[in-house]
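Novice: Quick one: the structure is below, and I'll ask about it shortly.
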Amino acid sequence: MSDTFNVTLPSGETWTPTFVTKLDEDKCIGCGRCFKVCPRGVLELVGIDEDGEYVRVDPDDDDADDEYEKKVMTLAHQELCIGCTACSRICPKKCYTHAAATV
């Protein structure tokens, strides 16, 4: 039997955090807003070339934009998510899916 992970707050209320489980790369426009608000380094911006392969994005190299068709965010370290949902709250395209963890 698995239970949902909950946290009891100092007020006595129970909070059920939801952790990022999926990012829809087809919807993502690579704006980077989610990357800026993530406090844990869960996300990484990558480029996608004409063959659909990921290309590392160097934020200091403006000439590298020719190497890829578009930029998208990826879940680089999903295990670091703390369930704050800041990424999904700021995402203009609603790319994120979150779910409660089971223990």
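Naming works like this for the structure tokens: A, B, ... for the chains as they're shown, residue 1 at the start of each chain, ligands 1 onward in shown order.
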Per DSSP on the backbone, filter chain A down to the residues in strand (DSSP E) and report them as a count of residues only.

Specialist: 30

Novice: Just to confirm, what's the straight-line distance from atom CA of A:Val103 to atom CA of A:Cys38 in Å (one decimal)?

Specialist: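 If I compute the distance from atom CA of A:Val103 to atom CA of A:Cys38, I get 24.1 Å.
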
Novice: Skipping near chain neighbours, those fewer than 3 positions away, what residues fall within 6 Å of A:Lys71 using only C-alpha atoms, listed as a count of residues only?

Specialist: 3

Novice: As number ranges by chain, please: all residues of stretch 27-86 of chain A that backbone DSSP puts in alpha helix (DSSP H).

Specialist: A: 33-37, 86

Novice: I'd like to know which of A:Cys28, A:Cys91, A:Ile82, A:Val55 is closest to A:Thr16, using only C-alpha atoms.

Specialist: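 That would be A:Ile82, the residue with the smallest distance to A:Thr16.
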
Novice: Looking at A:Thr18, A:Ser88, A:Thr97, A:Thr74, which one is nearest to A:Asn6, with distances taken over only C-alpha atoms?

Specialist: A:Thr18

Novice: Which residues are near A:Phe19? Cut-off 10 Å, only C-alpha atoms, ignore same chain within fewer than 3 positions. Put them as a list of chain:residue names.

Specialist: A:Thr16, A:Lys22, A:Gln78, A:Glu79, A:Leu80, A:Cys81, A:Ile82, A:Gly83, A:Cys84, A:Thr85, A:Tyr96, A:Thr97, A:His98, A:Ala99, A:Ala100, A:Ala101

Novice: Would you mind exporting the chosen residues as a tab-separated table (two decimals), in the first residue's frame, restricted to C-alpha atoms?

Specialist:
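Result went into part.tsv, see below:
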chain	number	residue	atom	x	y	z
A	16	THR	CA	0.71	17.81	-0.36
A	22	LYS	CA	6.82	15.96	-17.25
A	78	GLN	CA	14.12	15.90	-11.88
A	79	GLU	CA	15.16	14.29	-8.59
A	80	LEU	CA	16.08	17.74	-7.21
A	81	CYS	CA	12.52	19.08	-7.49
A	82	ILE	CA	11.14	20.28	-4.12
A	83	GLY	CA	7.54	20.68	-5.26
A	84	CYS	CA	7.33	24.48	-5.19
A	85	THR	CA	5.65	24.57	-8.66
A	96	TYR	CA	4.53	21.41	-16.93
A	97	THR	CA	2.82	18.43	-15.33
A	98	HIS	CA	3.15	17.90	-11.57
A	99	ALA	CA	2.00	15.05	-9.35
A	100	ALA	CA	2.12	14.10	-5.70
A	101	ALA	CA	4.81	11.66	-4.67

Novice: List as a ChimeraX atom specification the protein and nucleic acid residues near A:Glu69, meaning an atom at most 9 Å away when only C-alpha atoms are counted, but skip any in the same chain fewer than 5 places from it.

Specialist: /A:47-50,52

Novice: Got a sec: who's within 7 Å of A:Cys95, counting only C-alpha atoms, leaving out chain neighbours fewer than 6 positions off, as a ChimeraX atom specification?

Specialist: /A:23-24,27-28

Novice: Which is closest to A:Thr4 among A:Asp66, A:Pro92, A:Arg33, A:Thr102, if we use only C-alpha atoms?

Specialist: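 Checking each candidate against A:Thr4, we get A:Thr102 as the closest.
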
Novice: Taking only C-alpha atoms into account, which of A:Val42, A:Asp58, A:Arg89, A:Met73 comes nearest A:Asp26?

Specialist: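 Closest to A:Asp26, using only C-alpha atoms: A:Met73.
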
Novice: Quick one: distance from atom CA of A:Cys87 to atom CA of A:Lys36 in Å, one decimal?

Specialist: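 According to the coordinates, atom CA of A:Cys87 and atom CA of A:Lys36 are separated by 8.7 Å.
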
Novice: Have a look at atom CA of A:Gly32 and atom CA of A:Val57 and let me know their distance in Å, one decimal.

Specialist: 11.9 Å
